[in-house]
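**Student:** Input structure: run27.tsv, which contains TSV, C-alpha atoms.
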chain	number	residue	atom	x	y	z
A	79	MET	CA	-30.84	19.82	31.75
A	80	THR	CA	-30.81	17.76	28.58
A	81	ASN	CA	-29.77	14.16	29.10
A	82	TYR	CA	-27.46	13.52	26.13
A	83	TYR	CA	-27.52	9.79	26.79
A	84	HIS	CA	-31.28	9.81	26.23
A	85	VAL	CA	-30.83	11.95	23.10
A	86	LEU	CA	-28.74	9.12	21.64
A	87	GLY	CA	-31.06	6.46	23.03
A	88	LEU	CA	-28.41	5.11	25.41
A	89	SER	CA	-28.08	4.25	29.06
A	90	GLU	CA	-25.72	6.25	31.23
A	91	ASP	CA	-23.17	3.42	31.34
A	92	ALA	CA	-22.81	3.31	27.53
A	93	THR	CA	-19.32	2.59	26.19
A	94	PRO	CA	-17.46	4.88	23.70
A	95	ASN	CA	-18.13	2.39	20.88
A	96	GLU	CA	-21.87	2.35	21.70
A	97	ILE	CA	-21.93	6.16	21.73
A	98	LYS	CA	-20.18	6.29	18.36
A	99	ALA	CA	-22.47	3.67	16.82
A	100	ALA	CA	-25.63	5.35	18.12
A	101	PHE	CA	-24.50	8.73	16.76
A	102	LYS	CA	-23.82	7.33	13.30
A	103	LYS	CA	-27.22	5.61	13.20
A	104	LEU	CA	-29.17	8.69	14.32
A	105	ALA	CA	-27.10	11.09	12.16
A	106	VAL	CA	-28.05	9.11	9.09
A	107	LYS	CA	-31.69	8.91	10.14
A	108	TYR	CA	-32.16	12.61	10.95
A	109	HIS	CA	-29.77	14.22	8.46
A	110	PRO	CA	-31.38	17.40	7.02
A	111	ASP	CA	-30.65	16.25	3.45
A	112	LYS	CA	-33.12	13.41	3.98
A	113	HIS	CA	-35.82	15.73	5.35
A	114	PRO	CA	-35.83	18.91	3.24
A	115	GLY	CA	-38.20	21.58	4.46
A	116	LYS	CA	-38.49	20.10	7.98
A	117	PRO	CA	-36.76	22.40	10.47
A	118	GLU	CA	-37.63	20.10	13.37
A	119	MET	CA	-35.42	17.41	11.80
A	120	GLU	CA	-32.57	19.89	11.47
A	121	GLU	CA	-32.93	20.80	15.18
A	122	LYS	CA	-32.98	17.10	16.08
A	123	PHE	CA	-29.82	16.57	14.02
A	124	LYS	CA	-28.10	19.47	15.81
A	125	GLU	CA	-29.10	18.03	19.21
A	126	ILE	CA	-27.70	14.60	18.21
A	127	ASN	CA	-24.46	16.23	17.07
A	128	VAL	CA	-24.07	18.17	20.35
A	129	ALA	CA	-24.72	14.99	22.34
A	130	HIS	CA	-22.02	13.15	20.40
A	131	GLN	CA	-19.51	15.99	20.84
A	132	ILE	CA	-20.06	16.03	24.62
A	133	LEU	CA	-20.06	12.26	25.18
A	134	SER	CA	-17.14	11.47	22.85
A	135	ASP	CA	-14.81	13.91	24.64
A	136	GLU	CA	-13.36	12.40	27.84
A	137	TYR	CA	-13.18	15.70	29.71
A	138	GLU	CA	-16.59	17.03	28.62
A	139	LYS	CA	-18.22	13.64	29.29
A	140	ALA	CA	-16.79	13.59	32.83
A	141	ARG	CA	-18.18	17.06	33.51
A	142	PHE	CA	-21.56	16.11	32.07
A	143	ASP	CA	-21.75	12.89	34.10
A	144	LEU	CA	-21.00	14.85	37.25
A	145	LYS	CA	-23.70	17.42	36.49
A	146	LEU	CA	-26.16	14.63	35.68
A	147	LYS	CA	-25.48	12.87	38.98
A	148	TYR	CA	-25.84	16.14	40.85
A	149	GLN	CA	-29.17	16.83	39.13
A	150	GLN	CA	-30.41	13.35	39.98
A	151	PHE	CA	-29.27	13.81	43.57
A	152	SER	CA	-31.12	17.16	43.84
A	153	GLY	CA	-34.21	15.76	42.14
A	154	SER	CA	-34.42	12.91	44.62
A	155	GLN	CA	-35.06	15.46	47.37
A	156	GLU	CA	-38.05	16.98	45.61
A	157	GLY	CA	-40.29	13.95	46.22
A	158	ALA	CA	-40.09	14.11	50.00
A	159	TYR	CA	-43.61	15.45	50.28
A	160	THR	CA	-45.33	13.55	47.49
A	161	TYR	CA	-48.13	11.09	48.19
A	162	GLN	CA	-47.08	7.58	49.17
A	163	PRO	CA	-49.60	4.88	50.09
A	164	GLY	CA	-49.64	4.06	53.81
A	165	ASN	CA	-48.07	7.34	54.87
A	166	PRO	CA	-50.25	8.83	57.65
A	167	ASN	CA	-48.78	12.32	57.17
A	168	VAL	CA	-49.58	12.48	53.44
A	169	TRP	CA	-52.25	15.17	53.62
A	170	LYS	CA	-50.25	17.24	56.09
A	171	ASN	CA	-47.23	17.06	53.89
A	172	ARG	CA	-49.20	17.94	50.76
A	173	ALA	CA	-50.78	20.93	52.47
A	174	ARG	CA	-47.42	22.14	53.63
A	175	ALA	CA	-46.04	21.73	50.10
A	176	ARG	CA	-49.03	23.66	48.78
A	177	TYR	CA	-49.19	26.59	51.15
A	178	ALA	CA	-45.68	26.89	52.64
A	179	GLN	CA	-42.45	28.01	51.00
A	180	PRO	CA	-40.00	25.09	50.81
A	181	ARG	CA	-37.07	25.41	53.13
A	182	VAL	CA	-33.67	25.76	51.52
A	183	ASP	CA	-30.92	23.80	53.15
A	184	TYR	CA	-27.99	26.06	52.30
A	185	ARG	CA	-25.51	23.91	54.15
A	186	GLN	CA	-26.51	20.84	52.19
A	187	ASN	CA	-26.36	22.81	48.93
A	188	ALA	CA	-22.92	24.12	49.78
A	189	ILE	CA	-21.70	20.62	50.58
A	190	ALA	CA	-23.15	19.27	47.31
A	191	THR	CA	-21.59	22.12	45.32
A	192	ALA	CA	-18.22	21.60	46.95
A	193	TYR	CA	-18.53	17.89	46.34
A	194	ALA	CA	-19.37	18.53	42.67
A	195	PHE	CA	-16.47	20.92	42.19
A	196	GLY	CA	-14.14	18.58	44.03
A	197	ILE	CA	-15.08	15.63	41.88
A	198	THR	CA	-14.80	17.77	38.74
A	199	PHE	CA	-11.36	18.96	39.80
A	200	LEU	CA	-10.20	15.43	40.54
A	201	ILE	CA	-11.51	14.13	37.23
A	202	ALA	CA	-9.92	17.04	35.37
A	203	LEU	CA	-6.65	16.47	37.22
A	204	PHE	CA	-6.77	12.77	36.40
A	205	VAL	CA	-7.55	13.44	32.73
A	206	MET	CA	-4.86	16.12	32.37
A	207	THR	CA	-2.32	13.90	34.11
A	208	GLY	CA	-3.18	11.08	31.73
A	209	VAL	CA	-2.86	13.41	28.77
A	210	TRP	CA	0.51	14.65	30.00
A	211	VAL	CA	1.78	11.13	30.58
A	212	LYS	CA	0.63	10.02	27.13
A	213	GLN	CA	2.10	13.10	25.46
A	214	ASN	CA	5.38	12.58	27.27
A	215	TYR	CA	5.41	8.94	26.19
A	216	ASP	CA	4.59	9.85	22.59
A	217	ASP	CA	7.35	12.48	22.57
A	218	ASN	CA	9.87	9.97	23.85
A	219	GLN	CA	8.79	7.39	21.29
A	220	LEU	CA	8.98	9.98	18.49
A	221	GLU	CA	12.44	11.06	19.60
A	222	LYS	CA	13.53	7.43	19.60
A	223	ARG	CA	12.12	6.82	16.11
A	224	LEU	CA	13.74	9.98	14.75
A	225	ALA	CA	17.08	8.88	16.17
A	226	GLU	CA	16.73	5.45	14.56
A	227	ARG	CA	15.78	7.01	11.21
A	228	ARG	CA	18.74	9.37	11.32
A	229	THR	CA	21.05	6.43	12.07
A	230	THR	CA	19.67	4.73	8.94
A	231	TYR	CA	20.30	7.91	6.95
A	232	VAL	CA	23.92	8.18	8.16
A	233	LYS	CA	24.57	4.55	7.26
A	234	ALA	CA	22.97	5.05	3.83
A	235	LYS	CA	25.26	8.02	3.17
A	236	ASP	CA	28.28	5.94	4.15
A	237	HIS	CA	27.21	3.18	1.74
A	238	PHE	CA	26.64	5.74	-1.01
A	239	GLU	CA	30.03	7.34	-0.56
A	240	ALA	CA	31.60	3.89	-0.60
A	241	GLY	CA	29.98	3.19	-3.97
A	242	ASP	CA	27.38	0.74	-2.66
A	243	TYR	CA	24.54	2.68	-4.28
A	244	LYS	CA	22.04	-0.16	-4.22
A	245	LYS	CA	22.29	-0.66	-0.46
A	246	ALA	CA	22.12	3.09	0.13
A	247	PHE	CA	19.02	3.44	-2.03
A	248	GLU	CA	17.28	0.51	-0.35
A	249	MET	CA	17.94	2.00	3.09
A	250	MET	CA	16.64	5.44	2.12
A	251	THR	CA	13.59	3.94	0.44
A	252	SER	CA	12.74	2.14	3.69
A	253	LEU	CA	12.30	5.54	5.38
A	254	SER	CA	9.26	6.23	3.18
A	255	PHE	CA	8.20	9.79	4.17
A	256	PHE	CA	10.16	12.58	5.88
A	257	ARG	CA	9.25	14.98	8.69
A	258	THR	CA	10.02	18.70	8.73
A	259	GLU	CA	13.14	18.17	10.82
A	260	GLU	CA	14.39	15.64	8.27
A	261	ARG	CA	14.75	18.01	5.32
A	262	ASP	CA	18.40	17.09	4.82
A	263	MET	CA	17.46	13.41	4.60
A	264	LYS	CA	14.76	14.13	2.05
A	265	ALA	CA	17.14	16.23	-0.04
A	266	PHE	CA	19.72	13.43	-0.02
A	267	LYS	CA	17.19	10.85	-1.19
A	268	ASN	CA	15.88	13.16	-3.93
A	269	THR	CA	19.37	13.74	-5.31
A	270	MET	CA	20.65	10.16	-5.12
A	271	LEU	CA	19.51	9.25	-8.63
A	272	ASP	CA	20.87	12.49	-10.05
A	273	GLN	CA	24.26	11.80	-8.46
A	274	ILE	CA	24.35	8.26	-9.85
A	275	VAL	CA	23.39	9.51	-13.32
A	276	ALA	CA	26.12	12.15	-13.12
A	277	LYS	CA	28.70	9.52	-12.17
A	278	GLY	CA	27.48	7.33	-15.03
A	279	ASN	CA	27.80	10.20	-17.48
A	280	GLN	CA	31.33	10.86	-16.25
A	281	GLU	CA	32.28	7.23	-16.83
A	282	PHE	CA	30.63	7.33	-20.27
A	283	ARG	CA	32.58	10.42	-21.31
A	284	SER	CA	35.78	8.77	-20.09
A	285	GLY	CA	35.10	5.70	-22.22
A	286	ASN	CA	34.52	3.45	-19.22
A	287	TYR	CA	31.41	2.01	-20.82
A	288	LEU	CA	31.05	-1.09	-18.63
A	289	LYS	CA	31.13	1.06	-15.47
A	290	ALA	CA	28.66	3.49	-17.05
A	291	ILE	CA	26.36	0.57	-17.90
A	292	SER	CA	26.35	-0.69	-14.30
A	293	LEU	CA	25.40	2.78	-13.03
A	294	TYR	CA	22.74	3.39	-15.66
A	295	GLU	CA	21.19	-0.01	-15.00
A	296	LEU	CA	21.04	0.77	-11.28
A	297	VAL	CA	19.13	3.96	-12.01
A	298	GLN	CA	16.62	2.04	-14.12
A	299	GLU	CA	16.25	-0.55	-11.36
A	300	PHE	CA	15.62	2.09	-8.70
A	301	ALA	CA	13.08	4.02	-10.80
A	302	PRO	CA	11.63	1.62	-13.41
A	303	ASN	CA	8.65	3.83	-14.21
A	304	LEU	CA	10.67	6.89	-15.22
A	305	PRO	CA	11.53	7.16	-18.94
A	306	PHE	CA	15.16	8.41	-18.62
A	307	TYR	CA	15.35	8.88	-22.40
A	308	GLU	CA	18.77	10.55	-22.49
A	309	LEU	CA	20.21	8.05	-20.05
A	310	ARG	CA	18.84	5.13	-22.06
A	311	GLN	CA	20.26	6.59	-25.28
A	312	LYS	CA	23.69	6.57	-23.66
A	313	LEU	CA	23.03	3.09	-22.29
A	314	ALA	CA	22.24	1.84	-25.81
A	315	GLU	CA	25.44	3.44	-27.11
A	316	ALA	CA	27.41	1.86	-24.25
A	317	TYR	CA	25.93	-1.54	-25.08
A	318	LYS	CA	26.92	-1.02	-28.70
A	319	ARG	CA	30.50	-0.11	-27.75
A	320	THR	CA	30.85	-3.17	-25.49
A	321	ASP	CA	29.74	-5.72	-28.10
A	322	GLN	CA	26.19	-6.05	-26.81
A	323	PRO	CA	24.27	-5.07	-29.98
A	324	ASP	CA	21.11	-7.00	-29.14
A	325	ARG	CA	20.65	-5.14	-25.85
A	326	ALA	CA	21.25	-1.83	-27.61
A	327	ILE	CA	18.63	-2.66	-30.23
A	328	GLU	CA	16.18	-3.67	-27.50
A	329	ILE	CA	16.38	-0.20	-25.94
A	330	LEU	CA	16.06	1.55	-29.31
A	331	LYS	CA	13.00	-0.51	-30.19
A	332	ASP	CA	11.44	0.57	-26.89
A	333	PHE	CA	11.89	4.13	-28.12
A	334	LEU	CA	9.97	3.24	-31.29
A	335	VAL	CA	7.09	1.88	-29.22
A	336	GLY	CA	7.10	5.03	-27.09
A	337	GLU	CA	7.40	7.22	-30.20
A	338	TYR	CA	10.53	8.91	-28.87
A	339	GLU	CA	13.14	10.04	-31.43
A	340	ILE	CA	11.70	7.59	-33.96
A	341	ILE	CA	13.87	8.56	-36.91
A	342	GLY	CA	17.01	8.82	-34.79
A	343	SER	CA	16.30	5.43	-33.18
A	344	LEU	CA	15.72	3.78	-36.56
A	345	VAL	CA	19.03	5.18	-37.83
A	346	LYS	CA	20.92	3.87	-34.79
A	347	ILE	CA	19.32	0.43	-35.15
A	348	ALA	CA	20.39	0.40	-38.80
A	349	GLU	CA	23.96	1.34	-37.85
A	350	ILE	CA	24.13	-1.54	-35.39
A	351	GLN	CA	22.64	-3.95	-37.93
A	352	ARG	CA	25.22	-2.85	-40.47
A	353	ASP	CA	28.36	-2.40	-38.36
A	354	GLU	CA	27.92	-4.94	-35.55
A	355	LEU	CA	25.73	-7.65	-37.05
A	356	ASN	CA	26.68	-7.26	-40.73
A	357	ASN	CA	23.01	-7.48	-41.66
A	358	LEU	CA	22.87	-4.99	-44.53
A	359	GLU	CA	19.38	-5.84	-45.72
A	360	GLU	CA	17.90	-5.43	-42.24
A	361	ALA	CA	19.78	-2.15	-41.87
A	362	LEU	CA	18.40	-0.93	-45.20
A	363	ASP	CA	14.84	-1.78	-44.14
A	364	HIS	CA	15.16	0.39	-41.01
A	365	LEU	CA	16.67	3.29	-42.96
A	366	LEU	CA	13.90	3.16	-45.57
A	367	ILE	CA	11.25	3.25	-42.84
A	368	ALA	CA	12.97	6.32	-41.42
A	369	HIS	CA	13.16	7.84	-44.92
A	370	ARG	CA	9.42	7.41	-45.47
A	371	LEU	CA	8.66	8.99	-42.09
A	372	ALA	CA	10.96	11.92	-42.90
A	373	ILE	CA	9.28	12.56	-46.27
A	374	LYS	CA	5.87	12.37	-44.60
A	375	ARG	CA	6.93	15.00	-42.09
A	376	TYR	CA	8.37	17.23	-44.80
A	377	LYS	CA	5.09	17.15	-46.70
A	378	THR	CA	3.11	17.78	-43.52
A	379	TYR	CA	5.14	20.86	-42.55
A	380	TYR	CA	6.16	22.25	-45.94
A	381	GLY	CA	3.70	20.78	-48.43
A	382	GLU	CA	4.41	18.90	-51.65
A	383	GLY	CA	7.05	21.45	-52.62
A	384	TYR	CA	9.11	20.76	-49.50
A	385	ALA	CA	12.31	20.36	-51.53
A	386	LEU	CA	12.16	24.06	-52.51
A	387	VAL	CA	11.90	25.47	-48.98
A	388	ILE	CA	13.55	22.91	-46.73
A	389	ASN	CA	16.57	24.14	-44.77
A	390	GLU	CA	19.10	22.42	-42.51
A	391	LYS	CA	18.39	24.74	-39.58
A	392	TYR	CA	14.83	23.42	-39.40
A	393	LEU	CA	15.83	19.75	-39.33
A	394	PRO	CA	17.26	17.63	-36.51
A	395	LYS	CA	20.72	16.15	-36.98
A	396	SER	CA	19.21	12.66	-37.10
A	397	HIS	CA	17.93	13.43	-40.63
A	398	PHE	CA	21.47	14.16	-41.77
A	399	TYR	CA	22.68	10.84	-40.35
A	400	LEU	CA	19.72	9.12	-42.01
A	401	TYR	CA	20.73	10.09	-45.53
A	402	THR	CA	24.47	9.78	-44.83
A	403	ASN	CA	23.96	6.18	-43.73
A	404	LEU	CA	21.52	5.52	-46.54
A	405	ALA	CA	24.06	6.68	-49.14
A	406	ASP	CA	26.84	4.59	-47.56
A	407	LEU	CA	24.63	1.51	-47.38
A	408	TYR	CA	23.50	1.80	-50.99
A	409	LEU	CA	27.18	2.07	-51.93
A	410	GLN	CA	27.95	-1.13	-49.98
A	411	LEU	CA	25.04	-2.85	-51.69
A	412	GLU	CA	26.34	-1.56	-55.06
A	413	ASP	CA	23.15	0.33	-55.78
A	414	TYR	CA	25.13	3.31	-57.11
A	415	GLU	CA	22.21	5.30	-58.47
A	416	MET	CA	20.44	5.37	-55.10
A	417	ALA	CA	23.73	6.07	-53.32
A	418	LEU	CA	24.23	9.19	-55.45
A	419	LYS	CA	20.63	10.32	-54.89
A	420	ALA	CA	20.94	10.02	-51.11
A	421	ALA	CA	24.29	11.84	-51.12
A	422	ASP	CA	22.95	14.56	-53.42
A	423	TRP	CA	20.02	15.16	-51.03
A	424	ASN	CA	22.44	15.61	-48.15
A	425	LYS	CA	24.58	18.01	-50.21
A	426	TYR	CA	21.43	19.97	-51.09
A	427	VAL	CA	20.13	20.28	-47.52
A	428	TRP	CA	23.53	20.34	-45.75
A	429	PRO	CA	25.78	21.99	-48.36
A	430	ASP	CA	28.77	22.16	-46.01
A	431	SER	CA	28.80	18.41	-45.44
A	432	ALA	CA	32.14	17.10	-46.70
A	433	VAL	CA	31.25	13.47	-45.98
A	434	SER	CA	28.48	13.49	-48.57
A	435	TYR	CA	30.94	14.62	-51.25
A	436	VAL	CA	33.30	11.81	-50.23
A	437	THR	CA	30.46	9.26	-50.52
A	438	SER	CA	29.61	10.56	-54.00
A	439	ALA	CA	33.29	10.42	-54.98
A	440	ASN	CA	33.63	6.81	-53.82
A	441	THR	CA	30.43	5.92	-55.66
A	442	TYR	CA	31.83	7.36	-58.91
A	443	LEU	CA	35.09	5.47	-58.35
A	444	ALA	CA	33.08	2.26	-57.97
A	445	MET	CA	31.42	3.15	-61.28
A	446	SER	CA	34.87	3.80	-62.86
A	447	ASP	CA	33.90	7.44	-63.44
A	448	ASN	CA	37.17	9.03	-62.36
A	449	TYR	CA	36.30	12.45	-63.74
A	450	ASN	CA	33.23	12.96	-61.57
A	451	ALA	CA	34.99	11.27	-58.66
A	452	CYS	CA	37.72	13.93	-58.80
A	453	ILE	CA	35.08	16.70	-58.87
A	454	GLU	CA	33.46	15.28	-55.73
A	455	PHE	CA	36.81	14.90	-53.95
A	456	SER	CA	37.55	18.52	-54.82
A	457	GLY	CA	34.23	19.53	-53.26
A	458	ALA	CA	35.15	17.60	-50.11
A	459	ARG	CA	38.52	19.33	-49.87
A	460	ASP	CA	36.83	22.71	-50.29
A	461	ARG	CA	34.90	21.80	-47.16
A	462	ASN	CA	38.04	21.07	-45.13
A	463	TRP	CA	38.14	17.33	-45.73
A	464	LYS	CA	41.66	16.04	-44.96
A	465	GLY	CA	41.42	12.51	-46.32
A	466	ASN	CA	43.46	10.93	-49.11
A	467	THR	CA	42.46	11.36	-52.76
A	468	PRO	CA	43.64	9.47	-55.85
A	469	SER	CA	46.87	10.83	-57.29
A	470	TYR	CA	45.20	11.59	-60.60
A	471	CYS	CA	42.78	13.97	-58.89
A	472	LYS	CA	45.53	16.28	-57.59
Can you turn what I pasted into C-alpha cells?
**Tutor:**
Amino acid sequence: MTNYYHVLGLSEDATPNEIKAAFKKLAVKYHPDKHPGKPEMEEKFKEINVAHQILSDEYEKARFDLKLKYQQFSGSQEGAYTYQPGNPNVWKNRARARYAQPRVDYRQNAIATAYAFGITFLIALFVMTGVWVKQNYDDNQLEKRLAERRTTYVKAKDHFEAGDYKKAFEMMTSLSFFRTEERDMKAFKNTMLDQIVAKGNQEFRSGNYLKAISLYELVQEFAPNLPFYELRQKLAEAYKRTDQPDRAIEILKDFLVGEYEIIGSLVKIAEIQRDELNNLEEALDHLLIAHRLAIKRYKTYYGEGYALVINEKYLPKSHFYLYTNLADLYLQLEDYEMALKAADWNKYVWPDSAVSYVTSANTYLAMSDNYNACIEFSGARDRNWKGNTPSYCK
C-alpha cells in the first residue's frame, strides 16, 4: 500500500498545515506544465494530488492511518524467522521458512480485522458526531444572525415610514448583502431611493421646493456616484425658486463638464444670471456660447444650408428657449437689430410661437416704429396671445 505521508515527504505525525505546505511545494515542482513531454512527472503529480486529497480530509485520513497501522502491525510478524545474530535457531527457522508453508493464524487475523473495523467505526462515529455538532451550531448561529438582520430591517422600515430616511438608509446599508430568504429586504433597499425621489418629485410639483430640496439632497448623499440628471435638473430649479441662484448655477455647470444638456444648461444659467443676479452681460455670454454650439450642430447635421431644411420637430425645446431668451436679452440691452434677428429666427423655425411676435412688437415699440409693432402684435393675437396691445393697434 502506498504511504501517502512518504509521497509528500512527511512523517506520519505531520500536522494539517505541514501537509498543505508540502503539497503546495511538490505540486509546483512536479506540475506537468513545467515538464512537457515527461509522462513520469505527470504520474508523480497525480500521486501527489491523491496523497493531498486523502490526508487533507479528516475522514479519509483517519481511514488511511488505520490501514497504515494495520499494515505495519501485519508486517512486523513477517520477520519472525529472519536471521538475527546470536539466535541459535536461525538456520532451523530459515529452513522452515524456505521449505514449509507459513501457518496462517486465522484467529489473530479475525481479531485484527475486527479491531480495524471497530477503530474505523469509532473514528467515523466521532467525526460524524463532530460534523453534526458543528452543523447544528452553525445553523443556530445563522438563525440568530438572520433574526438580528430582520430586526434591523423592521426598524429601518419604521424609520422610513416615519420620514427618517437617512437613518433607514444607514441601517439597510449596514446589512450589506442579502440571502435568498431575505428577498423582501433586498427589494426594500433597492426601492428606497426611488421612493425618496418620488416623494421629492411630489413636493416639487406641489411647489414645496425646500422640502423637495431636502429629499433630493438626501438621494445625492446616499448615492453620490450616480448622475441623477433629471433629479439634479429639478434640484437646480428648486434652488432657483428658493433664492439660491449660486447653488443652481453650480449644478448646471456640472452638467457642462459632463456634457449633459449643454445648450439647455447654458440657457438656464443665463436665465439665472439675468433674472436672479441681474448680470445681463454674463447672461449674454452664456447665450452666445449656446448659440455658437447650436449653429455648429446645425451645420454638422444639415450642412451649410441648414436654414433651408431645419424644422422644429427635429430640434429640442431648449433651442427655442435659447433664441427666445436671446431676443429678450438683446431688447433689454437695447440692441434692437439683434433682438429682431433672434425673434425672426424663432418665428421661422417655430412659426406658431406667439411670444416671438410679442418680442418683435416690443422691439419695434422701443424703436418708435408703431406700424411694424402693430403688425407683430396682430401676429401674436393670431396665435392665441391674450396680452394687452396698444389702443392704436386695435
**Student:** Show me, as a VMD selection string, the residues that have an atom within 10 Å of Thr93 of chain A when counting all atoms listed in the file, minus same-chain residues fewer than 6 positions from it.
**Tutor:** chain A and resid 99 133 to 134
**Student:** For atom CA of Glu328 of chain A and atom CA of Arg310 of chain A, quote the distance in Å rounded to one decimal.
**Tutor:** 10.7 Å
**Student:** Between A:Ile341, A:Leu288, A:Val275, A:Leu358, which residue has the minimum interatomic distance to Asp321 of chain A, considering only C-alpha atoms?
**Tutor:**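 Closest candidate: A:Leu288.
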**Student:** What is the distance, in Å and to one decimal place, between atom CA of Ile347 of chain A and atom CA of Phe300 of chain A?
**Tutor:** 26.8 Å
**Student:** Which residue out of A:Tyr83, A:Tyr287, A:Tyr338, A:Tyr108 has the minimum interatomic distance to Arg319 of chain A when only C-alpha atoms are used?
**Tutor:** A:Tyr287
**Student:** Centre and edge lengths, as JSON, for the axis-aligned box enclosing every listed atom of segment 89-99 of chain A with 5 Å of padding on each of the six sides, in Å to one decimal?
**Tutor:**
{"center_x": -22.8, "center_y": 4.3, "center_z": 24.1, "size_x": 20.6, "size_y": 13.9, "size_z": 24.5}
**Student:** I need the residue nearest Gln273 of chain A from this list: A:Met250, A:Leu104, A:Ala417, A:Val297. Use only C-alpha atoms for the distance.
**Tutor:**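 Between A:Met250, A:Leu104, A:Ala417, A:Val297, the residue approaching Gln273 of chain A most closely is A:Val297.
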**Student:** I need the residue nearest Asn424 of chain A from this list: A:Tyr184, A:Tyr408, A:Tyr442, A:Tyr399. Use all atoms listed in the file for the distance.
**Tutor:**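 Using all atoms listed in the file, Asn424 of chain A sits closest to A:Tyr399.
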**Student:** Using all atoms listed in the file, which residue out of A:Leu200, A:Leu296, A:Ala326, A:Met263 lies closest to Arg228 of chain A?
**Tutor:**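 For Arg228 of chain A, the nearest of the candidates is A:Met263.
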**Student:** Neighbours of Glu138 of chain A within 12 Å (all atoms listed in the file; same-chain residues fewer than 4 positions away dropped), as a ChimeraX atom specification?
**Tutor:** /A:82,128-134,142-145,198,201-202,205
**Student:** I need the residue nearest Thr251 of chain A from this list: A:Asn403, A:Asn450, A:Asn268, A:Thr378. Use all atoms listed in the file for the distance.
**Tutor:**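 Looking at the shortest contact to Thr251 of chain A, the residue is A:Asn268.
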**Student:** Report, in Å to a single decimal, how far apart atom CA of Leu224 of chain A and atom CA of Glu299 of chain A are.
**Tutor:**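 Interatomic distance here is 28.3 Å.
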**Student:** If we count all atoms listed in the file and set the cut-off at 12 Å, which residues sit around Trp428 of chain A, ignoring sequence neighbours fewer than 4 positions away in its own chain? Please answer as an mmCIF file with C-alpha atoms, keeping the file's coordinate frame.
**Tutor:**
data_model
loop_
_atom_site.group_PDB
_atom_site.id
_atom_site.type_symbol
_atom_site.label_atom_id
_atom_site.label_comp_id
_atom_site.auth_asym_id
_atom_site.auth_seq_id
_atom_site.Cartn_x
_atom_site.Cartn_y
_atom_site.Cartn_z
ATOM 1 C CA ILE A 388 13.550 22.910 -46.730
ATOM 2 C CA ASN A 389 16.570 24.140 -44.770
ATOM 3 C CA GLU A 390 19.100 22.420 -42.510
ATOM 4 C CA LYS A 391 18.390 24.740 -39.580
ATOM 5 C CA TYR A 392 14.830 23.420 -39.400
ATOM 6 C CA LEU A 393 15.830 19.750 -39.330
ATOM 7 C CA PRO A 394 17.260 17.630 -36.510
ATOM 8 C CA LYS A 395 20.720 16.150 -36.980
ATOM 9 C CA HIS A 397 17.930 13.430 -40.630
ATOM 10 C CA PHE A 398 21.470 14.160 -41.770
ATOM 11 C CA TYR A 399 22.680 10.840 -40.350
ATOM 12 C CA TYR A 401 20.730 10.090 -45.530
ATOM 13 C CA THR A 402 24.470 9.780 -44.830
ATOM 14 C CA ALA A 420 20.940 10.020 -51.110
ATOM 15 C CA ALA A 421 24.290 11.840 -51.120
ATOM 16 C CA ASP A 422 22.950 14.560 -53.420
ATOM 17 C CA TRP A 423 20.020 15.160 -51.030
ATOM 18 C CA ASN A 424 22.440 15.610 -48.150
ATOM 19 C CA ALA A 432 32.140 17.100 -46.700
ATOM 20 C CA VAL A 433 31.250 13.470 -45.980
ATOM 21 C CA SER A 434 28.480 13.490 -48.570
ATOM 22 C CA TYR A 435 30.940 14.620 -51.250
ATOM 23 C CA ARG A 461 34.900 21.800 -47.160
#
**Student:** Neighbours of Gln311 of chain A within 12 Å (only C-alpha atoms; same-chain residues fewer than 6 positions away dropped), as a ChimeraX atom specification?
**Tutor:** /A:279,282,291,294,305,317-318,325-333,338-339,342-343,346-347
**Student:** What's the 10 Å shell around segment 190-194 of chain A, counting only C-alpha atoms, without same-chain residues fewer than 2 positions away, as a list of chain:residue names?
**Tutor:**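 Final neighbour list, sorted by chain and number: A:Arg141, A:Leu144, A:Lys145, A:Lys147, A:Tyr148, A:Phe151, A:Ser152, A:Tyr184, A:Arg185, A:Gln186, A:Asn187, A:Ala188, A:Gly196, A:Ile197, A:Thr198, A:Phe199, A:Leu200.
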**Student:** Taking the point (15.1, 13.4, 10.7) as given in the file, collect each protein or nucleic acid residue that comes within 12 Å of it, counting all atoms listed in the file, and present the set as a ChimeraX atom specification.
**Tutor:** /A:220-232,250,253-266
